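Visitor: A single structure is presented below for examination.
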Amino acid sequence: MSSTAEDRTLDSTTLNIPDQAAEVLKSTFGFTSLRAGQGEVIRCLLAGRSSLAVFPTGSGKSLCYQLPALVLDGLTVVVSPLIALMKGQIDFLQSKGIAAARLDSSLTRDENLQVFDDLHAGRTQLLYVSPERFGNERFLKLLEQVNVALLAVDEAHCISQWGHNFRPDYLRIASLASKLSIPRVLALTATATPEVSVDIAEAFSIDEGDVVQTGFYRPNLHLHATPCKDDHERRQRLVERIKSRPVEPAIVYVTLQRTAEQVAETLMAAGIKAKAYHAGLGTERRAAIQDEFMAAGDQVIVATIAFGMGIDKANIRAVYHYNLPKGLESYMQEIGRAGRDGLSAHCELFGCADDVITLENFSYGDTPTRTAVANLVDEVLGPADAPHTDYVEVSHYELSHHHDVRDLVVRTLLTYLELENVLRPTGALFTQYRFKPLRSSAEILARFDDARASFIANVFKQSKRGRTWLTIDVAQASKTLGEPRDRIIAALDYLDQRGDLTLESTGIRHGYHIAKQVADRQGLVDLLVERFSSREQDDLERIQHVVTLAEADECLTQTLLAYFGEHRSSCGHCDRCLGGKGRPLVAAPPELVASDRKVIEQIVAERHEALATARQTTRFLCGVTSPAASRAKLRGHPSFGKLTHLPFGDVLAVCEELGLAD
């Protein structure tokens with residue numbers, strides 16, 4: 001988040017940064033001191049070295065790249081996974097007279113053109129983009145043409161395949177930073193364990209001495225863990241806790257969308273101003289709820305994890321976890337949204353044994369079967385007995401739907417193949433472009449010499465005319481004209497930026513060189529299955545770490561910080577330090593009873609094409625979505641998620657017993 005004068009805790013140490021940076025700090029940001037860690041990171045970057053900043057949420061990570069961006073000669077590119085965060089930071093920077101911009105899907109064509117024009121003219125100091133933007137060939141061409149002085153990567157823990165939120169797009173950023181010869185990189189995270197920090201540093205070639213970690217402890221957060229025997233007790237305790245405190249902004253985190261609606265209704269019935277927030281509400285509705293929360297001083301939001309990232313509300317006084325979070329990294333990030341003004345904040349975790357089953361089911365449901373892995377490998381590399389090919393283009397969307405696994409699983413599998421040096425990515429490209437002329441061909445061609453005009457005219461001739469738009473298959477045009485694909489795209493891009501036409505790209509595919517032949521295809525599949533199995537096991541272990549915190553008899557703060565490699569004495573202010581006692585979240589495993597079996601039999605009897613296998617049906621009944629079920633619009637089916645209280649394996653066994661193949 002952007003630092004503000006009001007929420008700043010001044011550090012007693014001297015600045016110890018170059019004079020120019022100190023002057024910018026004072027004149028632009030209004031600060032005369034830096035927080036702990038900021039000076040070390042800024043000095044490192046201004047000296048031309050890369051750095052990793054592991055700072056707790058709300059501790060001023062943004063200033064670590066915003067200040068160098070105004071001192072360095074060139075563009076600072078900031079990678080952020082959230083449009084809301086980009087917008088908030090850009091508003092803040094522009095209010096300070098800083099030339100900041102973003103490239104994202106919400107921009108109009110004219111806004112996009114202005115951003116590109118400013119970049120080419122060297123007017124932009126900071127450019128915010130999503131990690132997916134690095135899969136856009138037009139964007140990569142742009143980066144080759146401008147002077148990038150610094151790449152700042154927020155949420156950098158996503159680069160680690162062993163991290164809690166691995167995103168394959170992040171792994172590509174590291175290789176592209178090297179390929180583009182970007183002189184310095186700043187990786188930022190609030191939730192990296194020691195192992196993940198090592199992964200990040202290795203990926204971006206950051207020296208051990210340039211890893212700056214300030215500690216995770218936030219003394220104003222008062223942690224509480226309250227085991228509950230069932231959902232009734234949990235709901236009752238939540239209402240009692242909120243009503244016992246002053247009316248204040250608060251967030252209640254839940255796992256499922258329907259739980260968000262149910263809990264919000266319970267709170268409203270108790271006279272508490274509350275609203276549900278989840279991905280199923282639609283973009284406009286979510287934005288309205290978020291805006292209302294930001295402006296209000298008495299609003300309680302009951303939300304899935306879709307809410308919170310990019311929220312910079314300093315006076316959130318309480319964060320409740322109605323359901324257990326999926327890991328301590330998520331928990332740390334979510335409680336970090338409380339008390340950013342430095343004042344006391346209440347953080348309470350309600351522990352229920354049935355949460356463990358729900359979280360475990362999501363982990364099991366995301367793990368692809370051996371058959372799916374083998375089929376994916378065959379589609380990407382070609383059947384083992386087919387002639388070898390050196391290059392392949394694939395669509396994540398098509399692979400996901402062909403094999404009914406989530407897009408993230410597809411991208412993760414392709415990343416694993418990269419890590420095994422089987423594939424070498426050549427970047428994302430679009431199979432088709434379409435354009436709408438804004439001037440006549442004669443007007444456009446008249447501006448060029450004969451050779452270039454002839455080339456552009458030939459490109460136009462390769463286009464198929466529709467009612468309004470012309471469509472061109474770039475690969476086919478390149479082959480027909482004997483011209484490089486890059487030259488055709490560059491010409492269309494240039495005409496788009498000049499305002500001669502409106503250009504849109506469709507049909508994104510990802511290109512890969514097949515770097516080596518795999519003689520032992522079964523061995524490769526075994527390896528990939530083992531990787532996914534290890535990820536599943538890591539996810540299950542993360543859930544158990546949450547259970548350990550919820551059950552702990554000793555200091556909660558101490559237990560939480562130890563997970564992140566930070567060891568300190570008892571905090572003196574969590575509920576355990578104040579005399580509270582832990583209680584095991586142990587409950588007898590729920591048994592699959594006759595009524596549950598009837599639910600399974602009924603859905604099997606309906607013979608939905610999207611639920612043809614035992615695993616597809618089990619995912620559906622345990623509330624785990626899949627591409628096939630979503631495409632068939634089965635999420636609204638009354639049986640979707642009806643058996644979330646049962647272990648995944650128990651439901652799967654009955655589905656197999658009823659004759660469904662896995």
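Each chain in the structure tokens gets a letter, A, B, ..., in the order shown, and its residues are numbered from 1; ligands are numbered from 1 in order too.
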What residues in stretch 275-377 of chain A get the DSSP label strand (DSSP E or B)? Please answer as a VMD selection string.
Guide: chain A and resid 275 to 277 300 to 303 318 to 321 345 to 351
Visitor: Leaving out stretch 442-445 of chain A and any residue of its chain fewer than 5 positions from it, which residues lie within 8 Å of it when counting only C-alpha atoms, given as a PyMOL selection string?
Guide: chain A and resi 453+456-457+500
Visitor: Find the residues near stretch 389-396 of chain A: any atom within 8 Å, counting only C-alpha atoms, skip ones fewer than 2 places away on the same chain, and give them as an NGL selection string.
Guide: :A and (380-381 or 387 or 398-400 or 407 or 410-411 or 508-515)
Visitor: Between atom CA of A:Pro227 and atom CA of A:Asp553, what distance in Å does the model show, to one decimal?
Guide: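 Calculated distance between atom CA of A:Pro227 and atom CA of A:Asp553 is 11.7 Å.
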Visitor: I need the alpha helix (DSSP H) residues of stretch 70-157 of chain A per DSSP on the backbone, written as a PyMOL selection string.
Guide: chain A and resi 70-71+83-95+109-120+137-145
Visitor: Take the residues from that selection and put them in a file with C-alpha atoms, as a PDB file, in the first residue's frame.
Guide:
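For reference, again28.pdb as written:
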ATOM      1  CA  LEU A  70      11.711   9.118  -9.216  1.00  0.00           C
ATOM      2  CA  VAL A  71      15.508   9.042  -8.921  1.00  0.00           C
ATOM      3  CA  ILE A  83      -6.426  -3.827 -10.626  1.00  0.00           C
ATOM      4  CA  ALA A  84      -7.855  -2.275  -7.433  1.00  0.00           C
ATOM      5  CA  LEU A  85      -4.378  -1.949  -5.958  1.00  0.00           C
ATOM      6  CA  MET A  86      -3.056  -0.438  -9.190  1.00  0.00           C
ATOM      7  CA  LYS A  87      -5.821   2.155  -9.282  1.00  0.00           C
ATOM      8  CA  GLY A  88      -5.331   3.115  -5.647  1.00  0.00           C
ATOM      9  CA  GLN A  89      -1.600   3.580  -5.985  1.00  0.00           C
ATOM     10  CA  ILE A  90      -1.864   5.488  -9.258  1.00  0.00           C
ATOM     11  CA  ASP A  91      -4.389   7.904  -7.729  1.00  0.00           C
ATOM     12  CA  PHE A  92      -1.988   8.470  -4.830  1.00  0.00           C
ATOM     13  CA  LEU A  93       1.024   9.014  -7.109  1.00  0.00           C
ATOM     14  CA  GLN A  94      -0.795  11.298  -9.511  1.00  0.00           C
ATOM     15  CA  SER A  95      -1.953  13.398  -6.548  1.00  0.00           C
ATOM     16  CA  ARG A 109      -8.866   2.202 -26.463  1.00  0.00           C
ATOM     17  CA  ASP A 110      -8.105   5.920 -26.187  1.00  0.00           C
ATOM     18  CA  GLU A 111      -6.683   5.426 -22.696  1.00  0.00           C
ATOM     19  CA  ASN A 112      -4.507   2.571 -23.969  1.00  0.00           C
ATOM     20  CA  LEU A 113      -3.217   4.704 -26.819  1.00  0.00           C
ATOM     21  CA  GLN A 114      -2.361   7.520 -24.409  1.00  0.00           C
ATOM     22  CA  VAL A 115      -0.428   5.118 -22.171  1.00  0.00           C
ATOM     23  CA  PHE A 116       1.585   3.788 -25.131  1.00  0.00           C
ATOM     24  CA  ASP A 117       2.218   7.291 -26.441  1.00  0.00           C
ATOM     25  CA  ASP A 118       3.490   8.468 -23.038  1.00  0.00           C
ATOM     26  CA  LEU A 119       5.724   5.402 -22.699  1.00  0.00           C
ATOM     27  CA  HIS A 120       7.329   5.878 -26.104  1.00  0.00           C
ATOM     28  CA  GLU A 137       3.708 -10.257 -27.204  1.00  0.00           C
ATOM     29  CA  ARG A 138       2.782  -6.626 -27.937  1.00  0.00           C
ATOM     30  CA  PHE A 139       3.691  -5.661 -24.377  1.00  0.00           C
ATOM     31  CA  LEU A 140       7.006  -7.488 -24.533  1.00  0.00           C
ATOM     32  CA  LYS A 141       7.838  -5.660 -27.759  1.00  0.00           C
ATOM     33  CA  LEU A 142       7.102  -2.407 -25.944  1.00  0.00           C
ATOM     34  CA  LEU A 143       9.490  -3.290 -23.107  1.00  0.00           C
ATOM     35  CA  GLU A 144      12.235  -3.934 -25.654  1.00  0.00           C
ATOM     36  CA  GLN A 145      11.761  -0.393 -26.997  1.00  0.00           C
TER      37      GLN A 145
END
Visitor: Which residues, written as a list in words, have at least one atom at most 6 Å from stretch 232-249 of chain A, with only C-alpha atoms counted and residues fewer than 5 positions away on the same chain left out?
Guide: Gly297, Asp298, Gln299, Val300, Ile316 and Arg317 of chain A
Visitor: Would you put the residues from that selection into a file with N, CA and C atoms, as a PDB file, in the first residue's frame?
Guide:
ATOM      1  N   GLY A 297     -17.918   3.862   8.617  1.00  0.00           N
ATOM      2  CA  GLY A 297     -17.197   3.621   9.855  1.00  0.00           C
ATOM      3  C   GLY A 297     -17.857   2.554  10.698  1.00  0.00           C
ATOM      4  N   ASP A 298     -18.901   1.897  10.157  1.00  0.00           N
ATOM      5  CA  ASP A 298     -19.649   0.915  10.944  1.00  0.00           C
ATOM      6  C   ASP A 298     -20.011  -0.334  10.147  1.00  0.00           C
ATOM      7  N   GLN A 299     -19.374  -0.533   9.011  1.00  0.00           N
ATOM      8  CA  GLN A 299     -19.763  -1.628   8.114  1.00  0.00           C
ATOM      9  C   GLN A 299     -18.973  -2.897   8.437  1.00  0.00           C
ATOM     10  N   VAL A 300     -19.689  -4.033   8.469  1.00  0.00           N
ATOM     11  CA  VAL A 300     -19.052  -5.350   8.579  1.00  0.00           C
ATOM     12  C   VAL A 300     -19.213  -6.049   7.238  1.00  0.00           C
ATOM     13  N   ILE A 316      -9.616  -0.457  10.028  1.00  0.00           N
ATOM     14  CA  ILE A 316     -10.315  -1.732  10.245  1.00  0.00           C
ATOM     15  C   ILE A 316      -9.942  -2.214  11.649  1.00  0.00           C
ATOM     16  N   ARG A 317     -10.930  -2.332  12.494  1.00  0.00           N
ATOM     17  CA  ARG A 317     -10.666  -2.606  13.913  1.00  0.00           C
ATOM     18  C   ARG A 317     -10.731  -4.089  14.262  1.00  0.00           C
TER      19      ARG A 317
END
Visitor: Under the rule of at most 12 Å, produce a per-residue listing of stretch 290-352 of chain A near stretch 204-216 of chain A: chain, number, name, the closest pair of atoms, and the distance in Å, as a tab-separated table, using only C-alpha atoms.
Guide:
residue	atom	partner	partner_atom	distance
A:Glu329	CA	A:Phe216	CA	11.2
A:Met332	CA	A:Phe216	CA	8.7
A:Gln333	CA	A:Phe216	CA	10.4
A:Ile335	CA	A:Phe216	CA	11.6
A:Gly336	CA	A:Phe216	CA	9.7
Visitor: Any chance you can output those residues with C-alpha atoms as an mmCIF file, in the first residue's frame?
Guide:
data_model
loop_
_atom_site.group_PDB
_atom_site.id
_atom_site.type_symbol
_atom_site.label_atom_id
_atom_site.label_comp_id
_atom_site.auth_asym_id
_atom_site.auth_seq_id
_atom_site.Cartn_x
_atom_site.Cartn_y
_atom_site.Cartn_z
ATOM 1 C CA GLU A 329 0.296 -17.382 4.992
ATOM 2 C CA MET A 332 -1.130 -13.542 8.175
ATOM 3 C CA GLN A 333 -2.101 -11.624 5.044
ATOM 4 C CA ILE A 335 -5.200 -10.201 9.679
ATOM 5 C CA GLY A 336 -2.658 -7.729 8.261
#
Visitor: So, with only C-alpha atoms as the atoms that count, which of A:Thr468, A:Ser178, A:Asn315, A:Thr259 lies closest to A:Leu343?
Guide: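 Among A:Thr468, A:Ser178, A:Asn315, A:Thr259, it is A:Asn315 that comes nearest to A:Leu343.
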Visitor: Quick one: residues within 9 Å of A:Ala152, only C-alpha atoms counted, chain neighbours fewer than 2 positions away excluded, as a compact mmCIF listing (two decimals) with C-alpha atoms, in the first residue's frame?
Guide:
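Printed below is part38.txt as written:
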# COMPACT_ATOMS: atom_id res chain seq x y z
CA TYR A 65 10.08 1.31 -5.40
CA THR A 76 9.84 1.50 -13.32
CA VAL A 77 7.49 -1.38 -14.14
CA VAL A 78 5.40 -2.58 -11.19
CA VAL A 79 3.83 -6.04 -11.36
CA SER A 80 0.69 -6.34 -9.26
CA LEU A 150 13.56 -1.14 -12.33
CA ASP A 154 4.57 -7.41 -5.67
CA ARG A 184 17.57 -4.30 -11.05
CA VAL A 185 14.56 -6.09 -9.60
CA LEU A 186 12.71 -5.50 -6.34
CA ALA A 187 10.69 -8.50 -5.14
CA LEU A 188 8.16 -7.74 -2.39
